[in-house]
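Please read the structure below before turning to the comments.
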Amino acid sequence: MRTFPSYVAGKDVESDRHVYAISARAALEDTFGALSLKRRLEAGESGGEDDPRVVGRCALADPQTVQQALAAAAAAQPEWGRTPLRTRLRLGEAIRRRLVATREEFVELMVAEGRPRTPSYAEIDGLLHIFSEQTLSWCAELLHREFSHDGRRIVVRRRPDGVVCVAPPQNAPHSNAIYGAAALLSGNTVVIRAPRSLPLGVMYAIREIIAPALDEVGAPPGTVNVVCGPPMLDDWLASPHVNDIIYFGGSEKGLAFQNDCIAAGKKPILELAGNDCAVVWRDADLDVAVRALTEAFNASGQICNVPNQVVAHPAIADELLDRLRVAAGQIRPGYPDDEGVELTPVLAQRSFFAVLEEALAGGAQLVCGGRQLEVDGSPSDTGYFLEPTVVRVDGLARSRELSVVRAETFFPLLPVVVPEPGRSDDALLEDVLDFVNTNAYGLRNSFWSADEAVVERFVGGVTNGGVIKVNDESHSGFFPYLPSHGGTGLTGGVFGEASYMMIRTTHLQAVSLRSGS
């Protein structure tokens with residue numbers, strides 16, 4: 001059985017208590033039996049360690065180990081912060097190589113913890129873009145610039161904030177742990193909490209990818225530390241060692257935590273909810289648009305950067321909805337280790353049906369879906385899965401009266417808003433721009449149109465969001481140079497913006513150097 005101790009100051013820290021990971025397939029086949037096995041093992045009962053349903057365990061960090069991790073990061077930071085930028089860029093290259101070398105094994109752990117195979121590969125491919133040569137070089141340009149003026153050498157640079165703590169989310173902890181660890185590249189040291197619900201992939205990511213890459217470039221012990229345990233936000237807020245906290249979660253709790261950070265003198269970096277808007281214009285390539293829009297159902301919609309609402313030009317709305325109905329019907333549940341599976345179990349089923357019922361009562365039309373499903377795809381009142389669901393909402397002006405449009409829905413439910421017909425395209429485009437810009441969230445927006453003038457008006461007019469994707473086959477996909485995370489409003493809090501973690505965990509400093517002769 002794979003076992004991960006805590007990793008603090010470059011050393012393993014063992015524990016007599018562990019968190020056990022049971023395979024997602026076993027949990028779907030026999031939920032009660034799998035959870036019972038997990039509870040017995042974590043209570044310290046003997047027997048069961050060799051059960052094939054057990055895929056690994058992680059040491060449960062005690063309070064002392066949590067504090068040791070923070071102290072180790074603080075002790076390592078001055079030396080690591082003085083490390084030349086070129087060395088830290090080599091760290092990025094080493095992480096990229098390790099991601100490629102461990103790709104298959106990393107995916108197997110993600111699948112064992114419940115991430116379907118297809119999106120697991122996509123997550124790793126996205127990380128390769130975050131650590132690509134292009135993205136690293138772009139961030140390096142922002143970290144250090146030099147100028148000459150009046151006999152002076154002017155340096156404008158970004159300095160590391162110090163110790164950065166990362167609490168990756170339970171819906172995608174594996175890739176987001178590595179995303180948070182990108183703060184290392186700007187000279188910060190990092191402490192990561194592996195969530196008790198899904199600890200193995202996070203531990204693997206740090207121990208097998210990040211830590212060896214740091215060793216390769218000669219980083220001091222304590223540059224990265226990872227512990228598994230209960231929530232540690234209060235410990236981080238109270239610690240004199242901590243400078244930044246990267247928080248993933250819902251907007252309501254995240255904005256409250258933002259206030260706690262400010263009161264404690266910590267920089268909050270928030271990656272919160274998304275309610276991404278996708279706009280399909282009258283001349284859009286519908287084949288391309290539909291491929292991107294069905295990403296709304298990836299991981300059953302339990303990802304923040306998927307399309308959450310669509311505005312469809314009235315001229316193509318009926319055809320778009322017909323195509324979405326067909327495409328959604330081809331997306332099926334299954335075990336995470338089955339090929340081609342995209343759907344995952346949904347815990348918030350009561351919320352799904354409440355939002356759907358409110359939409360239908362408010363005049364929306366059910367296009368497809370709306371049922372619970374068993375793992376084999378059969379309808380059931382007790383199934384863990386939800387059928388990919390599309391609803392039509394007529395009228396742009398009043399659509400946000402419905403929760404399905406106004407709020408992030410963390411389940412496979414996609415509203416397609418059809419504006420009132422009869423308006424000129426110029427007037428309609430202005431209405432759509434206002435609709436996009438008044439979205440309370442601001443992670444990503446996407447747009448499809450063959451008219452370059454219309455595209456320019458849209459891109460020029462959108463102020464909301466961290467990323468705008470135009471005529472792309474993927475709304476959610478990552479690419480070199482583009483930020484993978486970050487946005488405005490309820491997505492990123494008061495300080496939200498497009499997020500390159502190398503930049504977000506730094507602060508500007510200017511230096512004027514004049515010769516003493």
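FYI, nothing fancy with the structure tokens labels: chains A, B, ... in order, residues from 1 per chain, ligands from 1 as they appear.
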What are the closest atom pairs, with distances in Å to one decimal, for each residue of region 11-34 of chain A lying within 9 Å of region 59-68 of chain A, using only C-alpha atoms, rows by chain and rising residue number, as CSV?
```
residue,atom,partner,partner_atom,distance
A:Val13,CA,A:Thr65,CA,7.8
A:Glu14,CA,A:Ala59,CA,6.3
A:Ser15,CA,A:Ala59,CA,5.4
A:Asp16,CA,A:Ala59,CA,7.5
A:Arg17,CA,A:Leu60,CA,5.5
A:His18,CA,A:Ala59,CA,4.5
A:Val19,CA,A:Leu60,CA,6.1
A:Tyr20,CA,A:Ala59,CA,9.0
```
Exercise. Excluding same-chain residues fewer than 3 positions from region 502-516 of chain A, what lies within 10 Å of it counting only C-alpha atoms, as a PyMOL selection string?
Worked result: chain A and resi 136+139-140+142-164+179-188+243-246+267-269+486+495-499
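Looking only at region 101-150 of chain A, the set that DSSP places in strand (DSSP E or B) from backbone geometry is His144, Arg145, Glu146, Phe147, Ser148 and His149 of chain A.
CA of Ala256 (chain A) is found 21.8 Å from CA of His241 (chain A).
Interatomic distance, CA of Thr3 (chain A) to CA of Gln170 (chain A): 20.1 Å.
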Problem set entry | All helix (DSSP H, G or I) positions in region 234-369 of chain A, as a PyMOL selection string | chain A and resi 234-238+251-264+286-301+317-329+349-361
Could you dump the residues just selected with C-alpha atoms as a PDB file, in the first residue's frame?
```pdb
ATOM      1  CA  ASP A 234      -7.011  29.599  11.335  1.00  0.00           C
ATOM      2  CA  ASP A 235      -3.456  28.342  11.939  1.00  0.00           C
ATOM      3  CA  TRP A 236      -2.266  30.183   8.834  1.00  0.00           C
ATOM      4  CA  LEU A 237      -4.066  33.394   9.762  1.00  0.00           C
ATOM      5  CA  ALA A 238      -2.534  33.343  13.244  1.00  0.00           C
ATOM      6  CA  SER A 251     -17.864  33.011  -3.118  1.00  0.00           C
ATOM      7  CA  GLU A 252     -19.738  33.593   0.144  1.00  0.00           C
ATOM      8  CA  LYS A 253     -17.170  31.865   2.346  1.00  0.00           C
ATOM      9  CA  GLY A 254     -14.296  33.107   0.227  1.00  0.00           C
ATOM     10  CA  LEU A 255     -15.251  36.767   0.558  1.00  0.00           C
ATOM     11  CA  ALA A 256     -15.646  36.359   4.314  1.00  0.00           C
ATOM     12  CA  PHE A 257     -12.197  34.760   4.428  1.00  0.00           C
ATOM     13  CA  GLN A 258     -10.836  37.701   2.418  1.00  0.00           C
ATOM     14  CA  ASN A 259     -11.869  39.970   5.280  1.00  0.00           C
ATOM     15  CA  ASP A 260     -10.202  37.671   7.804  1.00  0.00           C
ATOM     16  CA  CYS A 261      -6.976  37.782   5.800  1.00  0.00           C
ATOM     17  CA  ILE A 262      -6.932  41.550   5.617  1.00  0.00           C
ATOM     18  CA  ALA A 263      -7.586  41.817   9.345  1.00  0.00           C
ATOM     19  CA  ALA A 264      -4.668  39.459   9.975  1.00  0.00           C
ATOM     20  CA  LEU A 286     -22.085  25.763 -34.406  1.00  0.00           C
ATOM     21  CA  ASP A 287     -20.011  22.588 -34.584  1.00  0.00           C
ATOM     22  CA  VAL A 288     -17.160  24.369 -32.812  1.00  0.00           C
ATOM     23  CA  ALA A 289     -19.432  26.173 -30.371  1.00  0.00           C
ATOM     24  CA  VAL A 290     -21.268  23.010 -29.309  1.00  0.00           C
ATOM     25  CA  ARG A 291     -17.997  21.191 -28.624  1.00  0.00           C
ATOM     26  CA  ALA A 292     -17.017  23.981 -26.259  1.00  0.00           C
ATOM     27  CA  LEU A 293     -20.442  24.353 -24.656  1.00  0.00           C
ATOM     28  CA  THR A 294     -20.696  20.678 -23.721  1.00  0.00           C
ATOM     29  CA  GLU A 295     -17.706  21.273 -21.454  1.00  0.00           C
ATOM     30  CA  ALA A 296     -20.443  22.513 -19.114  1.00  0.00           C
ATOM     31  CA  PHE A 297     -20.917  18.842 -18.239  1.00  0.00           C
ATOM     32  CA  ASN A 298     -17.256  18.011 -17.553  1.00  0.00           C
ATOM     33  CA  ALA A 299     -17.028  16.443 -14.088  1.00  0.00           C
ATOM     34  CA  SER A 300     -20.806  16.995 -13.920  1.00  0.00           C
ATOM     35  CA  GLY A 301     -20.293  20.762 -13.990  1.00  0.00           C
ATOM     36  CA  ALA A 317     -31.105  29.489 -31.097  1.00  0.00           C
ATOM     37  CA  ASP A 318     -33.356  26.626 -32.235  1.00  0.00           C
ATOM     38  CA  GLU A 319     -30.581  24.900 -34.189  1.00  0.00           C
ATOM     39  CA  LEU A 320     -28.089  25.378 -31.353  1.00  0.00           C
ATOM     40  CA  LEU A 321     -30.492  23.849 -28.854  1.00  0.00           C
ATOM     41  CA  ASP A 322     -31.160  20.884 -31.141  1.00  0.00           C
ATOM     42  CA  ARG A 323     -27.430  20.246 -31.421  1.00  0.00           C
ATOM     43  CA  LEU A 324     -26.927  20.607 -27.670  1.00  0.00           C
ATOM     44  CA  ARG A 325     -29.715  18.108 -27.042  1.00  0.00           C
ATOM     45  CA  VAL A 326     -27.966  15.515 -29.207  1.00  0.00           C
ATOM     46  CA  ALA A 327     -24.517  16.222 -27.765  1.00  0.00           C
ATOM     47  CA  ALA A 328     -25.716  16.129 -24.148  1.00  0.00           C
ATOM     48  CA  GLY A 329     -27.457  12.817 -24.760  1.00  0.00           C
ATOM     49  CA  GLN A 349     -28.635  16.918  -5.982  1.00  0.00           C
ATOM     50  CA  ARG A 350     -31.288  18.646  -3.895  1.00  0.00           C
ATOM     51  CA  SER A 351     -29.944  22.011  -5.028  1.00  0.00           C
ATOM     52  CA  PHE A 352     -29.979  20.840  -8.645  1.00  0.00           C
ATOM     53  CA  PHE A 353     -33.663  19.933  -8.540  1.00  0.00           C
ATOM     54  CA  ALA A 354     -34.564  23.098  -6.616  1.00  0.00           C
ATOM     55  CA  VAL A 355     -32.852  25.316  -9.201  1.00  0.00           C
ATOM     56  CA  LEU A 356     -34.343  23.345 -12.097  1.00  0.00           C
ATOM     57  CA  GLU A 357     -37.855  23.513 -10.643  1.00  0.00           C
ATOM     58  CA  GLU A 358     -37.513  27.257 -10.038  1.00  0.00           C
ATOM     59  CA  ALA A 359     -36.401  27.766 -13.658  1.00  0.00           C
ATOM     60  CA  LEU A 360     -39.287  25.764 -15.093  1.00  0.00           C
ATOM     61  CA  ALA A 361     -41.775  27.515 -12.831  1.00  0.00           C
TER      62      ALA A 361
END
```
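Minimum atom-to-atom distances from A:Met1, A:Val226, A:Val459, A:Val217 to Glu49 (chain A) were compared using only C-alpha atoms, and the lowest value belongs to A:Met1.
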Exercise. Leaving out Val418 (chain A) and any residue of its chain fewer than 2 positions from it, which residues lie within 9 Å of it when counting only C-alpha atoms, given as a PyMOL selection string?
Worked result: chain A and resi 310-314+317+392-396+416+420-421
Exercise. Quick one: residues within 9 Å of Tyr7 (chain A), only C-alpha atoms counted, chain neighbours fewer than 5 positions away excluded, as number ranges by chain?
Worked result: A: 12-14, 69, 203, 206-207, 222, 224-227
Find the residues of region 302-421 of chain A that sit at most 12 Å from region 440-447 of chain A; for each, write down the nearest two atoms and how far apart they are in Å, to one decimal. Count only C-alpha atoms. Sort by chain, then by number going up, and give it as a tab-separated table.
```
residue	atom	partner	partner_atom	distance
A:Ile303	CA	A:Leu443	CA	11.6
A:Cys304	CA	A:Leu443	CA	8.1
A:Asn305	CA	A:Arg444	CA	6.7
A:Val306	CA	A:Arg444	CA	8.3
A:Pro307	CA	A:Asn445	CA	8.1
A:Asn308	CA	A:Asn445	CA	9.9
A:Gln309	CA	A:Asn445	CA	9.8
A:Val310	CA	A:Ser446	CA	9.3
A:Val311	CA	A:Phe447	CA	9.4
A:Ala312	CA	A:Phe447	CA	10.2
A:His313	CA	A:Phe447	CA	11.3
A:Arg400	CA	A:Ala440	CA	10.6
A:Val405	CA	A:Ala440	CA	10.9
A:Arg406	CA	A:Ala440	CA	8.1
A:Ala407	CA	A:Ala440	CA	8.4
A:Glu408	CA	A:Tyr441	CA	8.4
```
Exercise. Interatomic distance between CA of Val375 (chain A) and CA of Pro116 (chain A)?
Worked result: 12.8 Å
For this session: Find the residues near Phe478 (chain A): any atom within 7 Å, counting only C-alpha atoms, skip ones fewer than 2 places away on the same chain, and give them as a ChimeraX atom specification.
Result: /A:126,129,476,482,484
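If only C-alpha atoms are the atoms counted, then among A:Val242, A:Leu128, A:Leu429, A:Leu413 the closest residue to Gln77 (chain A) is A:Val242.
Near Ala24 (chain A), within 9 Å and counting only C-alpha atoms, sit Ala21, Ile22, Ala26, Ala27, Leu28, Glu29, Arg53, Val111, Ala112, Glu113, Gly114, Arg115, Tyr335, Pro336 and Asp337 of chain A; same-chain residues fewer than 2 positions away were not included.
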For this session: Please provide the set of residues having any atom within 8 Å of Arg193 (chain A), restricted to only C-alpha atoms, with same-chain residues fewer than 2 positions apart removed, written as a PyMOL selection string.
Result: chain A and resi 165-168+191+195+226-229+232
N, CA and C atoms of the current selection, written as a tab-separated table (two decimals), in the first residue's frame:
```tsv
chain	number	residue	atom	x	y	z
A	165	CYS	N	0.74	29.88	1.57
A	165	CYS	CA	0.01	28.66	1.96
A	165	CYS	C	-1.09	28.39	0.94
A	166	VAL	N	-1.28	27.12	0.62
A	166	VAL	CA	-2.21	26.72	-0.44
A	166	VAL	C	-3.19	25.69	0.12
A	167	ALA	N	-4.48	25.99	-0.03
A	167	ALA	CA	-5.54	25.04	0.35
A	167	ALA	C	-6.28	24.63	-0.91
A	168	PRO	N	-5.81	23.59	-1.63
A	168	PRO	CA	-6.45	23.21	-2.90
A	168	PRO	C	-7.88	22.72	-2.68
A	191	VAL	N	3.66	26.12	1.65
A	191	VAL	CA	3.08	25.07	2.48
A	191	VAL	C	1.73	24.69	1.86
A	195	PRO	N	-6.12	17.86	1.27
A	195	PRO	CA	-7.42	17.68	1.93
A	195	PRO	C	-7.63	16.24	2.35
A	226	VAL	N	4.34	19.75	2.69
A	226	VAL	CA	2.97	19.32	2.48
A	226	VAL	C	2.53	18.46	3.66
A	227	VAL	N	1.34	18.77	4.16
A	227	VAL	CA	0.78	18.04	5.30
A	227	VAL	C	-0.69	17.75	5.01
A	228	CYS	N	-1.18	16.66	5.55
A	228	CYS	CA	-2.59	16.29	5.42
A	228	CYS	C	-3.24	16.41	6.78
A	229	GLY	N	-4.36	17.12	6.83
A	229	GLY	CA	-5.02	17.27	8.11
A	229	GLY	C	-6.31	18.04	7.98
A	232	MET	N	-6.76	24.23	8.05
A	232	MET	CA	-5.65	24.91	8.72
A	232	MET	C	-5.71	26.42	8.54
```
